[in-house]
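Just entry_26.cif here, mmCIF, C-alpha atoms:
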```
data_input
loop_
_atom_site.group_PDB
_atom_site.id
_atom_site.type_symbol
_atom_site.label_atom_id
_atom_site.label_comp_id
_atom_site.auth_asym_id
_atom_site.auth_seq_id
_atom_site.Cartn_x
_atom_site.Cartn_y
_atom_site.Cartn_z
ATOM 1 C CA MET Q 1 31.506 28.170 -12.224
ATOM 2 C CA SER Q 2 34.031 30.627 -10.870
ATOM 3 C CA ASP Q 3 35.053 30.825 -7.212
ATOM 4 C CA GLN Q 4 33.270 34.168 -7.012
ATOM 5 C CA GLU Q 5 30.017 32.565 -8.189
ATOM 6 C CA SER Q 6 30.285 29.547 -5.903
ATOM 7 C CA ASN Q 7 31.042 31.656 -2.813
ATOM 8 C CA SER Q 8 28.494 34.427 -3.297
ATOM 9 C CA GLU Q 9 25.113 34.492 -1.622
ATOM 10 C CA PRO Q 10 22.222 33.767 -3.991
ATOM 11 C CA ALA Q 11 20.367 36.859 -5.220
ATOM 12 C CA ILE Q 12 17.126 35.408 -3.864
ATOM 13 C CA HIS Q 13 17.733 34.631 -0.193
ATOM 14 C CA GLY Q 14 15.741 33.955 2.951
ATOM 15 C CA GLU Q 15 14.476 30.546 4.050
ATOM 16 C CA LYS Q 16 10.990 30.724 2.516
ATOM 17 C CA ALA Q 17 12.157 32.334 -0.729
ATOM 18 C CA ARG Q 18 14.983 29.764 -1.113
ATOM 19 C CA ALA Q 19 12.496 26.917 -0.624
ATOM 20 C CA VAL Q 20 10.339 28.315 -3.445
ATOM 21 C CA VAL Q 21 13.363 28.801 -5.713
ATOM 22 C CA GLU Q 22 14.683 25.278 -5.055
ATOM 23 C CA SER Q 23 11.272 23.830 -5.888
ATOM 24 C CA CYS Q 24 11.120 25.864 -9.118
ATOM 25 C CA MET Q 25 14.660 24.794 -10.057
ATOM 26 C CA GLU Q 26 13.747 21.131 -9.581
ATOM 27 C CA GLU Q 27 10.652 21.638 -11.740
ATOM 28 C CA LEU Q 28 12.769 23.250 -14.480
ATOM 29 C CA ARG Q 29 15.327 20.405 -14.256
ATOM 30 C CA LEU Q 30 12.542 17.856 -14.801
ATOM 31 C CA LYS Q 31 11.103 19.803 -17.734
ATOM 32 C CA THR Q 32 14.567 20.150 -19.271
ATOM 33 C CA ALA Q 33 15.251 16.424 -18.861
ATOM 34 C CA ALA Q 34 11.973 15.615 -20.615
ATOM 35 C CA LEU Q 35 12.855 17.928 -23.520
ATOM 36 C CA ASN Q 36 16.496 16.881 -23.708
ATOM 37 C CA GLY Q 37 16.075 13.609 -25.599
ATOM 38 C CA LEU Q 38 13.630 15.026 -28.108
ATOM 39 C CA VAL Q 39 14.979 18.539 -28.658
ATOM 40 C CA PHE Q 40 18.022 19.883 -26.821
ATOM 41 C CA SER Q 41 20.449 16.969 -27.280
ATOM 42 C CA ARG Q 42 19.687 16.851 -31.026
ATOM 43 C CA MET Q 43 19.445 20.585 -31.674
ATOM 44 C CA LYS Q 44 21.642 21.986 -34.435
ATOM 45 C CA ASN Q 45 20.434 25.583 -34.263
ATOM 46 C CA PHE Q 46 17.970 27.869 -32.502
ATOM 47 C CA ASN Q 47 16.440 31.228 -33.278
ATOM 48 C CA VAL Q 48 14.376 33.749 -31.329
ATOM 49 C CA ASP Q 49 12.126 35.997 -33.401
ATOM 50 C CA LEU Q 50 11.057 38.945 -31.233
ATOM 51 C CA ASN Q 51 8.637 40.214 -33.885
ATOM 52 C CA ALA Q 52 6.788 36.902 -34.054
ATOM 53 C CA GLY Q 53 7.287 36.137 -30.337
ATOM 54 C CA GLU Q 54 8.623 32.702 -31.262
ATOM 55 C CA ILE Q 55 11.525 30.445 -30.390
ATOM 56 C CA ARG Q 56 12.594 27.824 -32.900
ATOM 57 C CA PHE Q 57 14.761 24.777 -32.210
ATOM 58 C CA GLU Q 58 16.092 23.027 -35.324
ATOM 59 C CA MET Q 59 17.033 19.346 -35.362
ATOM 60 C CA PRO Q 60 18.175 17.361 -38.422
ATOM 61 C CA ASP Q 61 14.731 15.838 -38.983
ATOM 62 C CA MET Q 62 12.397 18.098 -37.029
ATOM 63 C CA ILE Q 63 11.673 21.691 -36.016
ATOM 64 C CA ALA Q 64 10.170 22.637 -32.647
ATOM 65 C CA THR Q 65 8.568 26.069 -32.351
ATOM 66 C CA GLY Q 66 6.819 27.756 -29.463
ATOM 67 C CA ALA Q 67 5.836 31.075 -27.936
ATOM 68 C CA VAL Q 68 8.766 32.769 -26.223
ATOM 69 C CA GLN Q 69 9.064 35.151 -23.294
ATOM 70 C CA ILE Q 70 12.216 37.062 -22.366
ATOM 71 C CA VAL Q 71 12.906 36.805 -18.639
ATOM 72 C CA GLY Q 72 16.009 38.972 -18.840
ATOM 73 C CA THR Q 73 19.577 39.285 -20.030
ATOM 74 C CA TYR Q 74 22.880 38.634 -18.298
ATOM 75 C CA ASN Q 75 25.922 40.681 -19.264
ATOM 76 C CA ILE Q 76 28.855 38.308 -18.771
ATOM 77 C CA PRO Q 77 31.709 40.869 -18.456
ATOM 78 C CA THR Q 78 29.882 43.023 -15.896
ATOM 79 C CA GLY Q 79 28.022 40.201 -14.125
ATOM 80 C CA THR Q 80 24.760 42.130 -14.273
ATOM 81 C CA TRP Q 81 21.190 41.083 -14.958
ATOM 82 C CA LEU Q 82 18.564 43.283 -16.608
ATOM 83 C CA TRP Q 83 14.948 42.164 -16.227
ATOM 84 C CA GLY Q 84 12.788 41.733 -19.326
ATOM 85 C CA TRP Q 85 10.149 43.996 -17.803
ATOM 86 C CA LYS Q 86 12.636 46.891 -17.909
ATOM 87 C CA HIS Q 87 14.716 45.933 -20.961
ATOM 88 C CA PRO Q 88 14.580 48.505 -23.802
ATOM 89 C CA SER Q 89 14.876 45.769 -26.471
ATOM 90 C CA VAL Q 90 12.096 43.555 -25.121
ATOM 91 C CA PRO Q 91 8.560 44.274 -26.334
ATOM 92 C CA GLU Q 92 6.083 44.463 -23.447
ATOM 93 C CA ARG Q 93 4.125 41.470 -24.773
ATOM 94 C CA LEU Q 94 7.289 39.340 -24.493
ATOM 95 C CA ALA Q 95 7.979 40.441 -20.907
ATOM 96 C CA ARG Q 96 4.778 38.915 -19.437
ATOM 97 C CA SER Q 97 6.744 36.101 -17.815
ATOM 98 C CA ALA Q 98 9.231 38.532 -16.240
ATOM 99 C CA THR Q 99 6.392 40.800 -15.096
ATOM 100 C CA ALA Q 100 4.826 37.878 -13.187
ATOM 101 C CA VAL Q 101 8.133 37.509 -11.325
ATOM 102 C CA LEU Q 102 8.131 41.250 -10.557
ATOM 103 C CA GLU Q 103 4.608 40.969 -9.126
ATOM 104 C CA PHE Q 104 5.639 37.939 -7.054
ATOM 105 C CA GLY Q 105 8.659 39.882 -5.767
ATOM 106 C CA ASN Q 106 6.499 42.869 -4.826
ATOM 107 C CA GLU Q 107 4.065 40.608 -2.940
ATOM 108 C CA HIS Q 108 6.864 38.885 -1.015
ATOM 109 C CA GLY Q 109 9.354 41.750 -0.632
ATOM 110 C CA ILE Q 110 12.182 40.137 -2.637
ATOM 111 C CA ALA Q 111 14.528 42.929 -3.749
ATOM 112 C CA ALA Q 112 16.479 40.883 -6.319
ATOM 113 C CA ILE Q 113 13.381 40.400 -8.436
ATOM 114 C CA THR Q 114 11.975 43.900 -8.044
ATOM 115 C CA THR Q 115 15.149 45.810 -8.930
ATOM 116 C CA ASN Q 116 15.464 46.345 -12.683
ATOM 117 C CA GLN Q 117 19.227 45.693 -12.847
ATOM 118 C CA ILE Q 118 21.337 43.794 -10.333
ATOM 119 C CA ALA Q 119 24.771 42.243 -9.972
ATOM 120 C CA CYS Q 120 24.404 38.467 -9.806
ATOM 121 C CA THR Q 121 25.703 35.140 -11.068
ATOM 122 C CA GLU Q 122 24.598 33.009 -13.991
ATOM 123 C CA GLN Q 123 23.139 30.566 -11.442
ATOM 124 C CA ASP Q 124 20.915 33.390 -10.160
ATOM 125 C CA CYS Q 125 19.736 33.955 -13.745
ATOM 126 C CA TRP Q 126 18.683 30.310 -13.974
ATOM 127 C CA GLU Q 127 16.800 30.716 -10.693
ATOM 128 C CA PHE Q 128 14.974 33.774 -12.044
ATOM 129 C CA THR Q 129 14.110 31.786 -15.169
ATOM 130 C CA ALA Q 130 12.889 28.793 -13.154
ATOM 131 C CA LEU Q 131 10.669 31.069 -11.081
ATOM 132 C CA ALA Q 132 9.264 32.692 -14.251
ATOM 133 C CA CYS Q 133 8.650 29.278 -15.810
ATOM 134 C CA HIS Q 134 6.790 28.091 -12.708
ATOM 135 C CA LEU Q 135 4.718 31.232 -12.137
ATOM 136 C CA ASN Q 136 3.569 31.221 -15.761
ATOM 137 C CA ASP Q 137 3.110 27.433 -16.065
ATOM 138 C CA GLN Q 138 5.416 27.311 -19.070
ATOM 139 C CA THR Q 139 7.025 24.357 -20.814
ATOM 140 C CA GLY Q 140 10.664 25.212 -20.220
ATOM 141 C CA GLY Q 141 13.522 27.676 -20.160
ATOM 142 C CA TYR Q 142 16.431 28.270 -22.499
ATOM 143 C CA ARG Q 143 19.592 30.363 -22.339
ATOM 144 C CA CYS Q 144 20.359 32.055 -25.660
ATOM 145 C CA PRO Q 145 23.970 33.184 -26.084
ATOM 146 C CA ALA Q 146 24.512 36.412 -28.037
ATOM 147 C CA GLY Q 147 28.138 37.481 -27.786
ATOM 148 C CA ASP Q 148 28.878 38.742 -24.254
ATOM 149 C CA THR Q 149 25.187 38.559 -23.344
ATOM 150 C CA LEU Q 150 22.991 35.636 -22.383
ATOM 151 C CA ALA Q 151 19.255 36.043 -22.930
ATOM 152 C CA PHE Q 152 17.236 33.860 -20.563
ATOM 153 C CA THR Q 153 13.881 32.824 -21.988
ATOM 154 C CA THR Q 154 10.856 30.735 -21.148
ATOM 155 C CA PHE Q 155 8.667 29.094 -23.739
ATOM 156 C CA GLU Q 156 5.361 27.273 -24.130
ATOM 157 C CA GLY Q 157 3.093 25.718 -26.723
ATOM 158 C CA ILE Q 158 5.814 23.727 -28.462
ATOM 159 C CA LYS Q 159 4.743 22.388 -31.842
ATOM 160 C CA LEU Q 160 6.767 19.851 -33.782
ATOM 161 C CA SER Q 161 7.022 19.739 -37.549
ATOM 162 C CA LYS Q 162 9.081 17.801 -40.011
ATOM 163 C CA ALA Q 163 12.228 19.597 -41.143
ATOM 164 C CA PRO Q 164 12.327 20.513 -44.823
ATOM 165 C CA ALA Q 165 14.034 17.841 -46.889
ATOM 166 C CA ALA Q 166 17.687 18.458 -47.454
ATOM 167 C CA VAL Q 167 18.481 19.889 -50.849
ATOM 168 C CA SER Q 168 20.043 17.172 -52.925
ATOM 169 C CA LYS Q 169 23.245 17.849 -54.793
ATOM 170 C CA PRO Q 170 22.775 18.417 -58.508
ATOM 171 C CA ARG Q 171 23.602 15.324 -60.472
ATOM 172 C CA SER Q 172 26.535 15.473 -62.819
ATOM 173 C CA LEU Q 173 26.057 15.306 -66.570
ATOM 174 C CA LEU Q 174 27.579 11.827 -66.546
ATOM 175 C CA GLN Q 175 25.117 10.642 -63.846
ATOM 176 C CA ARG Q 176 22.156 12.094 -65.757
ATOM 177 C CA LEU Q 177 23.265 10.304 -68.948
ATOM 178 C CA LYS Q 178 23.655 7.013 -67.066
ATOM 179 C CA ASP Q 179 20.182 7.419 -65.539
ATOM 180 C CA ARG Q 180 18.682 8.179 -68.946
ATOM 181 C CA PHE Q 181 20.134 5.086 -70.578
ATOM 182 C CA ARG Q 182 18.916 2.829 -67.754
ATOM 183 C CA GLN Q 183 15.297 3.650 -68.586
#
```
Could you quickly redo this structure as structure tokens?
Amino acid sequence: MSDQESNSEPAIHGEKARAVVESCMEELRLKTAALNGLVFSRMKNFNVDLNAGEIRFEMPDMIATGAVQIVGTYNIPTGTWLWGWKHPSVPERLARSATAVLEFGNEHGIAAITTNQIACTEQDCWEFTALACHLNDQTGGYRCPAGDTLAFTTFEGIKLSKAPAAVSKPRSLLQRLKDRFRQ
């Protein structure tokens, strides 16, 4: 974390709002810890399919898939956040989680979560994601790097399946002959 990030005031401020955010962050930490041993620490790859509305985590022996929501994106060079509910690349059906945060912000007068684009820190983005995860009773949150942009997502309904068997190397002619003569 840069000095600028550590010294700046959180995007969501005020005593009551901070208490809610801290509670949501703790909830997300617990959910992440529960998923870490099974998924995140073993993950080799991930993919978000906006058309299918799915996030996929690939481990060597297993694949975890679930419904995904896009909370928003963080532009690293400019330090700006764009909410999923206003993002031109996010289908409306995948912005439901972000829209719940917008509604919460409107009810409680929290400017940072009712303004479509704001300057903030990556820590703020995690707080937005934790709030979205809590308000929508979702399984967890994940930060998806894409070049200079980080897409913050929430997900739910994780299903586990066995990974397809690894493709075996073709056997050499010599190995095939040896196998044939052993029969």
| query | Counting only C-alpha atoms, what is within 8 Å of segment 93-95 of chain Q, bar same-chain residues fewer than 2 positions away, as JSON, numbers by chain? | reply | {"Q": [50, 53, 68, 69, 70, 71, 84, 85, 90, 91, 97, 98, 99]}
Go ahead and dump the residues you just picked, C-alpha atoms, as an mmCIF file, keeping the file's coordinate frame.
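Dumped to part-v3.cif:
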```cif
data_model
loop_
_atom_site.group_PDB
_atom_site.id
_atom_site.type_symbol
_atom_site.label_atom_id
_atom_site.label_comp_id
_atom_site.auth_asym_id
_atom_site.auth_seq_id
_atom_site.Cartn_x
_atom_site.Cartn_y
_atom_site.Cartn_z
ATOM 1 C CA LEU Q 50 11.057 38.945 -31.233
ATOM 2 C CA GLY Q 53 7.287 36.137 -30.337
ATOM 3 C CA VAL Q 68 8.766 32.769 -26.223
ATOM 4 C CA GLN Q 69 9.064 35.151 -23.294
ATOM 5 C CA ILE Q 70 12.216 37.062 -22.366
ATOM 6 C CA VAL Q 71 12.906 36.805 -18.639
ATOM 7 C CA GLY Q 84 12.788 41.733 -19.326
ATOM 8 C CA TRP Q 85 10.149 43.996 -17.803
ATOM 9 C CA VAL Q 90 12.096 43.555 -25.121
ATOM 10 C CA PRO Q 91 8.560 44.274 -26.334
ATOM 11 C CA SER Q 97 6.744 36.101 -17.815
ATOM 12 C CA ALA Q 98 9.231 38.532 -16.240
ATOM 13 C CA THR Q 99 6.392 40.800 -15.096
#
```
Centre and edge lengths of an axis-aligned box around all listed atoms of segment 92-101 of chain Q, with 8 Å added on each side, are to be given in Å to one decimal, as AutoDock Vina command-line options.
```
--center_x 6.7 --center_y 40.3 --center_z -18.0 --size_x 21.1 --size_y 24.4 --size_z 29.4
```
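Using all atoms listed in the file for every distance, the candidate list Q:Ala130, Q:Leu135, Q:Ile110, Q:Ile76 yields Q:Ile76 as the residue closest to Thr149 of chain Q.
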| note | atom CA of Asp148 of chain Q sits from atom CA of Val21 of chain Q at a separation of 26.1 Å
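Of the residues under consideration (Q:Glu58, Q:Glu156, Q:Glu26, Q:Asp137), Q:Asp137 shows the shortest atom-to-atom contact distance to Ala100 of chain Q when counting all atoms listed in the file.
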| request: Name all residues at most 9 Å from Cys125 of chain Q (count all atoms listed in the file; drop same-chain ones fewer than 2 positions away) and give them as an MDAnalysis selection string. | output: chainID Q and resid 71:74 81 120:123 127:130 152
| task | Name the residues that the PyMOL selection byres ((chain Q and resi 40) around 12) pulls out of this structure, and write them as a PyMOL selection string. | result | chain Q and resi 31-39+41-46+56-60+62-64+140-143
Could you save the residues just selected, with C-alpha atoms, as a PDB file, in the frame of the given file?
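Result file is again.pdb:
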```pdb
ATOM      1  CA  LYS Q  31      11.103  19.803 -17.734  1.00  0.00           C
ATOM      2  CA  THR Q  32      14.567  20.150 -19.271  1.00  0.00           C
ATOM      3  CA  ALA Q  33      15.251  16.424 -18.861  1.00  0.00           C
ATOM      4  CA  ALA Q  34      11.973  15.615 -20.615  1.00  0.00           C
ATOM      5  CA  LEU Q  35      12.855  17.928 -23.520  1.00  0.00           C
ATOM      6  CA  ASN Q  36      16.496  16.881 -23.708  1.00  0.00           C
ATOM      7  CA  GLY Q  37      16.075  13.609 -25.599  1.00  0.00           C
ATOM      8  CA  LEU Q  38      13.630  15.026 -28.108  1.00  0.00           C
ATOM      9  CA  VAL Q  39      14.979  18.539 -28.658  1.00  0.00           C
ATOM     10  CA  SER Q  41      20.449  16.969 -27.280  1.00  0.00           C
ATOM     11  CA  ARG Q  42      19.687  16.851 -31.026  1.00  0.00           C
ATOM     12  CA  MET Q  43      19.445  20.585 -31.674  1.00  0.00           C
ATOM     13  CA  LYS Q  44      21.642  21.986 -34.435  1.00  0.00           C
ATOM     14  CA  ASN Q  45      20.434  25.583 -34.263  1.00  0.00           C
ATOM     15  CA  PHE Q  46      17.970  27.869 -32.502  1.00  0.00           C
ATOM     16  CA  ARG Q  56      12.594  27.824 -32.900  1.00  0.00           C
ATOM     17  CA  PHE Q  57      14.761  24.777 -32.210  1.00  0.00           C
ATOM     18  CA  GLU Q  58      16.092  23.027 -35.324  1.00  0.00           C
ATOM     19  CA  MET Q  59      17.033  19.346 -35.362  1.00  0.00           C
ATOM     20  CA  PRO Q  60      18.175  17.361 -38.422  1.00  0.00           C
ATOM     21  CA  MET Q  62      12.397  18.098 -37.029  1.00  0.00           C
ATOM     22  CA  ILE Q  63      11.673  21.691 -36.016  1.00  0.00           C
ATOM     23  CA  ALA Q  64      10.170  22.637 -32.647  1.00  0.00           C
ATOM     24  CA  GLY Q 140      10.664  25.212 -20.220  1.00  0.00           C
ATOM     25  CA  GLY Q 141      13.522  27.676 -20.160  1.00  0.00           C
ATOM     26  CA  TYR Q 142      16.431  28.270 -22.499  1.00  0.00           C
ATOM     27  CA  ARG Q 143      19.592  30.363 -22.339  1.00  0.00           C
TER      28      ARG Q 143
END
```
| query | Which polymer residues have any atom within 6 Å of an atom of Thr65 of chain Q, counting only C-alpha atoms, with same-chain residues fewer than 5 positions away left out, as a PyMOL selection string? | reply | chain Q and resi 55-56+158-159
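Between atom CA of Ala17 of chain Q and atom CA of Leu131 of chain Q the separation is 10.5 Å.
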| field | Separation of atom CA of Ser23 of chain Q from atom CA of Asn106 of chain Q in Å | value |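 Here the two named atoms are 19.7 Å from each other.
Counting only C-alpha atoms, the residue from Q:Leu82, Q:Ala146, Q:Cys24, Q:Ala165 that sits nearest to Ala132 of chain Q is Q:Cys24.
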With the PyMOL selection byres ((chain Q and resi 117) around 7) as the selection, what would be picked from this file? Answer as a tab-separated table (two decimals) with C-alpha atoms, in the frame of the given file, please.
```tsv
chain	number	residue	atom	x	y	z
Q	80	THR	CA	24.76	42.13	-14.27
Q	81	TRP	CA	21.19	41.08	-14.96
Q	82	LEU	CA	18.56	43.28	-16.61
Q	83	TRP	CA	14.95	42.16	-16.23
Q	115	THR	CA	15.15	45.81	-8.93
Q	116	ASN	CA	15.46	46.34	-12.68
Q	118	ILE	CA	21.34	43.79	-10.33
```
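Residue nearest Glu54 of chain Q, chosen from Q:Asn75, Q:Thr154, Q:Asn136, Q:Ser89 and counting only C-alpha atoms: Q:Thr154.
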